file start.txt (compact mmCIF, N, CA and C atoms)
# COMPACT_ATOMS: atom_id res chain seq x y z
N ARG A 22 0.84 -1.19 0.00
CA ARG A 22 0.00 0.00 0.00
C ARG A 22 0.87 1.24 0.00
N LYS A 23 0.55 2.18 -0.84
CA LYS A 23 1.35 3.41 -0.95
C LYS A 23 0.86 4.45 0.07
N HIS A 24 1.81 5.07 0.79
CA HIS A 24 1.46 6.09 1.77
C HIS A 24 1.35 7.45 1.10
N LYS A 25 0.35 8.21 1.50
CA LYS A 25 0.21 9.57 0.97
C LYS A 25 1.20 10.47 1.66
N ARG A 26 1.76 11.41 0.90
CA ARG A 26 2.79 12.30 1.42
C ARG A 26 2.26 13.72 1.51
N GLY A 27 2.93 14.52 2.36
CA GLY A 27 2.62 15.94 2.46
C GLY A 27 1.20 16.20 2.91
N ALA A 28 0.56 17.17 2.31
CA ALA A 28 -0.78 17.61 2.71
C ALA A 28 -1.83 16.51 2.54
N ASN A 29 -1.56 15.48 1.75
CA ASN A 29 -2.51 14.40 1.54
C ASN A 29 -2.44 13.33 2.63
N ASN A 30 -1.44 13.39 3.49
CA ASN A 30 -1.29 12.42 4.57
C ASN A 30 -2.23 12.78 5.71
N TYR A 31 -2.85 11.78 6.34
CA TYR A 31 -3.79 12.01 7.43
C TYR A 31 -3.14 12.70 8.63
N ASN A 32 -1.83 12.59 8.77
CA ASN A 32 -1.12 13.14 9.92
C ASN A 32 -0.48 14.50 9.62
N TRP A 33 -0.81 15.12 8.49
CA TRP A 33 -0.21 16.39 8.08
C TRP A 33 -0.55 17.49 9.08
N LYS A 34 0.44 18.25 9.49
CA LYS A 34 0.25 19.34 10.45
C LYS A 34 0.72 20.67 9.87
N GLY A 35 0.59 20.83 8.56
CA GLY A 35 0.95 22.09 7.94
C GLY A 35 2.43 22.26 7.67
N GLY A 36 3.20 21.19 7.74
CA GLY A 36 4.63 21.27 7.45
C GLY A 36 5.46 21.79 8.60
N ARG A 37 4.95 21.72 9.82
CA ARG A 37 5.66 22.16 11.02
C ARG A 37 5.49 21.10 12.11
N PHE A 38 6.52 20.92 12.91
CA PHE A 38 6.40 20.10 14.10
C PHE A 38 7.44 20.54 15.11
N VAL A 39 7.20 20.19 16.36
CA VAL A 39 8.14 20.49 17.44
C VAL A 39 8.72 19.16 17.91
N ASN A 40 10.05 19.05 17.92
CA ASN A 40 10.66 17.78 18.33
C ASN A 40 10.67 17.67 19.85
N THR A 41 11.18 16.56 20.36
CA THR A 41 11.14 16.30 21.81
C THR A 41 12.01 17.27 22.61
N GLN A 42 12.96 17.95 21.96
CA GLN A 42 13.80 18.92 22.66
C GLN A 42 13.21 20.33 22.59
N GLY A 43 12.07 20.49 21.91
CA GLY A 43 11.38 21.77 21.87
C GLY A 43 11.71 22.65 20.68
N TYR A 44 12.47 22.14 19.71
CA TYR A 44 12.81 22.93 18.52
C TYR A 44 11.75 22.75 17.45
N VAL A 45 11.39 23.85 16.79
CA VAL A 45 10.42 23.83 15.70
C VAL A 45 11.13 23.48 14.40
N TYR A 46 10.58 22.53 13.67
CA TYR A 46 11.06 22.17 12.35
C TYR A 46 10.02 22.60 11.32
N VAL A 47 10.47 23.10 10.18
CA VAL A 47 9.57 23.47 9.10
C VAL A 47 9.98 22.72 7.84
N ARG A 48 8.97 22.34 7.06
CA ARG A 48 9.23 21.63 5.80
C ARG A 48 9.50 22.66 4.71
N ILE A 49 10.55 22.44 3.94
CA ILE A 49 10.84 23.33 2.82
C ILE A 49 10.94 22.50 1.55
N ASP A 50 10.60 23.14 0.47
CA ASP A 50 10.58 22.51 -0.84
C ASP A 50 12.01 22.20 -1.29
N ASP A 51 12.17 21.13 -2.05
CA ASP A 51 13.51 20.76 -2.51
C ASP A 51 14.09 21.75 -3.53
N LYS A 52 13.28 22.69 -3.99
CA LYS A 52 13.77 23.74 -4.90
C LYS A 52 14.21 25.00 -4.14
N ASP A 53 13.96 25.02 -2.85
CA ASP A 53 14.37 26.14 -2.00
C ASP A 53 15.90 26.15 -1.92
N PRO A 54 16.55 27.32 -2.08
CA PRO A 54 18.02 27.36 -2.03
C PRO A 54 18.61 26.92 -0.68
N TYR A 55 17.79 26.88 0.37
CA TYR A 55 18.27 26.48 1.70
C TYR A 55 17.99 25.00 1.98
N TYR A 56 17.55 24.27 0.96
CA TYR A 56 17.21 22.86 1.14
C TYR A 56 18.40 22.04 1.62
N LEU A 57 19.62 22.45 1.31
CA LEU A 57 20.81 21.72 1.74
C LEU A 57 20.96 21.70 3.27
N MET A 58 20.25 22.58 3.96
CA MET A 58 20.31 22.63 5.42
C MET A 58 19.32 21.67 6.07
N THR A 59 18.52 20.94 5.29
CA THR A 59 17.52 20.06 5.87
C THR A 59 18.17 18.91 6.62
N SER A 60 17.43 18.40 7.56
CA SER A 60 17.90 17.33 8.44
C SER A 60 17.96 16.00 7.70
N LYS A 61 18.95 15.21 8.00
CA LYS A 61 19.05 13.87 7.42
C LYS A 61 18.02 12.94 8.06
N SER A 62 17.73 13.14 9.34
CA SER A 62 16.77 12.27 10.04
C SER A 62 15.32 12.67 9.75
N HIS A 63 15.08 13.93 9.44
CA HIS A 63 13.73 14.42 9.11
C HIS A 63 13.77 15.00 7.70
N ARG A 64 13.78 14.14 6.72
CA ARG A 64 13.96 14.52 5.33
C ARG A 64 13.01 15.65 4.91
N GLY A 65 13.60 16.75 4.40
CA GLY A 65 12.82 17.88 3.93
C GLY A 65 12.51 18.92 4.99
N TYR A 66 12.93 18.67 6.23
CA TYR A 66 12.66 19.60 7.33
C TYR A 66 13.95 20.23 7.82
N VAL A 67 13.85 21.49 8.26
CA VAL A 67 14.99 22.22 8.79
C VAL A 67 14.54 22.88 10.09
N ARG A 68 15.47 23.03 11.03
CA ARG A 68 15.14 23.75 12.27
C ARG A 68 14.82 25.19 11.91
N GLU A 69 13.67 25.63 12.36
CA GLU A 69 13.17 26.95 11.95
C GLU A 69 14.11 28.08 12.32
N HIS A 70 14.73 28.05 13.49
CA HIS A 70 15.59 29.15 13.90
C HIS A 70 16.81 29.27 12.99
N ARG A 71 17.34 28.15 12.52
CA ARG A 71 18.47 28.19 11.59
C ARG A 71 18.02 28.67 10.21
N TYR A 72 16.83 28.29 9.79
CA TYR A 72 16.28 28.72 8.51
C TYR A 72 16.04 30.23 8.51
N VAL A 73 15.48 30.75 9.60
CA VAL A 73 15.23 32.20 9.72
C VAL A 73 16.55 32.97 9.65
N MET A 74 17.56 32.50 10.36
CA MET A 74 18.86 33.18 10.38
C MET A 74 19.54 33.11 9.00
N ALA A 75 19.48 31.94 8.36
CA ALA A 75 20.09 31.79 7.04
C ALA A 75 19.45 32.74 6.03
N LYS A 76 18.14 32.84 6.07
CA LYS A 76 17.45 33.75 5.15
C LYS A 76 17.83 35.20 5.43
N ALA A 77 17.98 35.55 6.71
CA ALA A 77 18.37 36.92 7.08
C ALA A 77 19.80 37.22 6.60
N LYS A 78 20.69 36.24 6.69
CA LYS A 78 22.08 36.41 6.26
C LYS A 78 22.22 36.29 4.75
N GLY A 79 21.25 35.64 4.09
CA GLY A 79 21.29 35.47 2.65
C GLY A 79 22.24 34.37 2.19
N ARG A 80 22.50 33.40 3.08
CA ARG A 80 23.40 32.30 2.75
C ARG A 80 23.12 31.10 3.64
N LEU A 81 23.65 29.95 3.22
CA LEU A 81 23.55 28.75 4.05
C LEU A 81 24.40 28.92 5.30
N LEU A 82 23.96 28.37 6.41
CA LEU A 82 24.77 28.40 7.63
C LEU A 82 25.71 27.20 7.62
N GLU A 83 26.87 27.39 8.19
CA GLU A 83 27.84 26.30 8.29
C GLU A 83 27.61 25.53 9.58
N ASN A 84 28.16 24.32 9.65
CA ASN A 84 27.93 23.45 10.80
C ASN A 84 28.37 24.07 12.12
N GLY A 85 29.47 24.79 12.15
CA GLY A 85 29.98 25.37 13.40
C GLY A 85 29.26 26.63 13.84
N GLU A 86 28.36 27.15 13.01
CA GLU A 86 27.63 28.36 13.36
C GLU A 86 26.37 27.98 14.13
N LYS A 87 26.25 28.51 15.33
CA LYS A 87 25.11 28.21 16.20
C LYS A 87 24.18 29.40 16.23
N VAL A 88 22.90 29.12 16.30
CA VAL A 88 21.88 30.17 16.42
C VAL A 88 21.26 30.00 17.80
N HIS A 89 21.39 31.03 18.62
CA HIS A 89 20.95 31.00 20.02
C HIS A 89 19.66 31.80 20.18
N HIS A 90 18.74 31.28 21.00
CA HIS A 90 17.51 31.98 21.35
C HIS A 90 17.81 32.86 22.57
N LYS A 91 17.78 34.17 22.40
CA LYS A 91 18.14 35.09 23.48
C LYS A 91 17.28 34.89 24.72
N ASN A 92 15.97 34.69 24.53
CA ASN A 92 15.08 34.56 25.68
C ASN A 92 14.94 33.12 26.17
N GLY A 93 15.63 32.18 25.52
CA GLY A 93 15.61 30.78 25.95
C GLY A 93 14.39 30.01 25.50
N ILE A 94 13.47 30.64 24.81
CA ILE A 94 12.25 29.97 24.35
C ILE A 94 12.49 29.45 22.93
N ARG A 95 12.61 28.14 22.80
CA ARG A 95 13.01 27.53 21.53
C ARG A 95 11.95 27.65 20.44
N THR A 96 10.72 27.94 20.80
CA THR A 96 9.68 28.10 19.79
C THR A 96 9.54 29.55 19.33
N ASP A 97 10.25 30.47 19.97
CA ASP A 97 10.22 31.89 19.58
C ASP A 97 11.34 32.12 18.56
N ASN A 98 11.00 31.98 17.29
CA ASN A 98 12.00 32.06 16.24
C ASN A 98 11.94 33.37 15.47
N SER A 99 11.51 34.44 16.15
CA SER A 99 11.55 35.75 15.52
C SER A 99 13.00 36.20 15.43
N LEU A 100 13.33 36.91 14.37
CA LEU A 100 14.71 37.29 14.11
C LEU A 100 15.30 38.12 15.25
N ASP A 101 14.50 38.97 15.90
CA ASP A 101 15.03 39.79 16.99
C ASP A 101 15.33 38.97 18.25
N ASN A 102 14.88 37.71 18.30
CA ASN A 102 15.19 36.83 19.43
C ASN A 102 16.38 35.91 19.14
N LEU A 103 16.93 35.99 17.94
CA LEU A 103 18.00 35.07 17.54
C LEU A 103 19.32 35.80 17.40
N ILE A 104 20.39 35.11 17.78
CA ILE A 104 21.74 35.65 17.59
C ILE A 104 22.64 34.51 17.12
N MET A 105 23.49 34.80 16.16
CA MET A 105 24.40 33.77 15.64
C MET A 105 25.76 33.92 16.31
N MET A 106 26.35 32.77 16.62
CA MET A 106 27.66 32.77 17.28
C MET A 106 28.39 31.48 16.94
N SER A 107 29.67 31.47 17.26
CA SER A 107 30.46 30.25 17.03
C SER A 107 30.08 29.20 18.06
N GLU A 108 30.47 27.98 17.79
CA GLU A 108 30.17 26.88 18.70
C GLU A 108 30.82 27.13 20.07
N GLY A 109 32.07 27.64 20.07
CA GLY A 109 32.76 27.93 21.33
C GLY A 109 32.06 29.01 22.14
N GLU A 110 31.62 30.07 21.46
CA GLU A 110 30.89 31.14 22.15
C GLU A 110 29.60 30.60 22.75
N HIS A 111 28.93 29.74 22.01
CA HIS A 111 27.67 29.17 22.48
C HIS A 111 27.87 28.29 23.71
N LEU A 112 28.93 27.48 23.69
CA LEU A 112 29.24 26.63 24.85
C LEU A 112 29.57 27.48 26.07
N ARG A 113 30.37 28.54 25.89
CA ARG A 113 30.71 29.43 27.01
C ARG A 113 29.47 30.12 27.58
N LEU A 114 28.58 30.54 26.70
CA LEU A 114 27.35 31.21 27.14
C LEU A 114 26.51 30.27 28.00
N HIS A 115 26.32 29.03 27.55
CA HIS A 115 25.52 28.09 28.32
C HIS A 115 26.23 27.66 29.60
N ALA A 116 27.55 27.58 29.60
CA ALA A 116 28.29 27.27 30.83
C ALA A 116 28.08 28.38 31.85
N HIS A 117 28.08 29.62 31.39
CA HIS A 117 27.83 30.77 32.27
C HIS A 117 26.44 30.66 32.89
N PHE A 118 25.43 30.34 32.08
CA PHE A 118 24.06 30.20 32.59
C PHE A 118 23.95 29.06 33.58
N ARG A 119 24.64 27.93 33.31
CA ARG A 119 24.59 26.79 34.24
C ARG A 119 25.16 27.16 35.59
N ARG A 120 26.29 27.89 35.59
CA ARG A 120 26.89 28.32 36.87
C ARG A 120 25.96 29.27 37.60
N ARG A 121 25.38 30.20 36.87
CA ARG A 121 24.52 31.22 37.47
C ARG A 121 23.19 30.66 37.95
N ASN A 122 22.70 29.62 37.30
CA ASN A 122 21.40 29.07 37.62
C ASN A 122 21.48 27.71 38.28
N LYS A 123 22.59 27.44 38.94
CA LYS A 123 22.79 26.23 39.73
C LYS A 123 22.51 24.95 38.95
N GLY A 124 23.12 24.86 37.77
CA GLY A 124 23.07 23.62 37.01
C GLY A 124 21.95 23.52 35.99
N ARG A 125 20.94 24.40 36.08
CA ARG A 125 19.86 24.36 35.09
C ARG A 125 20.36 24.83 33.75
N PHE A 126 20.10 24.07 32.74
CA PHE A 126 20.53 24.42 31.37
C PHE A 126 19.48 25.31 30.74
N ILE A 127 19.94 26.45 30.24
CA ILE A 127 19.03 27.39 29.57
C ILE A 127 19.41 27.49 28.12
call {"tool": "encode", "arguments": {"input": "start.txt", "output": "structure tokens"}}
result
Amino acid sequence: RKHKRGANNYNWKGGRFVNTQGYVYVRIDDKDPYYLMTSKSHRGYVREHRYVMAKAKGRLLENGEKVHHKNGIRTDNSLDNLIMMSEGEHLRLHAHFRRRNKGRFI
């Protein structure tokens, strides 16, 4: 039996879902110039915060470039809530928050 894909599938949710870690994924067309950023495990989907930042920068993001949610809310992917930084900067930022918040990861 052939499974229906996309909007024809009974489980379609508009091309968006939130994974177990709280990140929003959006489905993008394979003709979209940012399609190369899609997840290997979720074919055709990209983390929305990375997609928003890539479109704002006008280029694909590289693996070492991290996009951080300033307010800590992973579903708030407005451009003014996002900041791009290196992997090292991102690790230092979260280490600072862990020390300040007694081990809670933000």
call {"tool": "atom_distance", "arguments": {"input": "start.txt", "atom1": "atom C of Tyr66 (chain A)", "atom2": "atom C of Ala116 (chain A)"}}
result
29.0 Å
call {"tool": "closest_residue", "arguments": {"input": "start.txt", "among": "A:Glu83, A:Ile94, A:Glu69, A:Asn29", "to": "Arg48 (chain A)", "atoms": "all atoms listed in the file"}}
result
A:Glu69
call {"tool": "atom_distance", "arguments": {"input": "start.txt", "atom1": "CA of Lys91 (chain A)", "atom2": "CA of Met74 (chain A)"}}
result
13.3 Å
call {"tool": "residues_around", "arguments": {"input": "start.txt", "residues": "region 38-46 of chain A", "least_positions_apart": "4", "cutoff": "7 Å", "atoms": "all atoms listed in the file", "output": "MDAnalysis selection string"}}
result
chainID A and resid 34 66:70 95:96
call {"tool": "residues_around", "arguments": {"input": "start.txt", "residues": "Leu100 (chain A)", "least_positions_apart": "4", "cutoff": "12 Å", "atoms": "only C-alpha atoms", "output": "list in words"}}
result
Glu69, His70, Arg71, Tyr72, Val73, Met74, Ala75, Lys76, Ala77, Lys78, Val88, His89, His90, Lys91, Asn92, Thr96, Ile104 and Met105 of chain A
call {"tool": "closest_residue", "arguments": {"input": "start.txt", "among": "A:Glu86, A:Gly109, A:Leu81, A:Ile49", "to": "Arg64 (chain A)", "atoms": "all atoms listed in the file"}}
result
A:Ile49
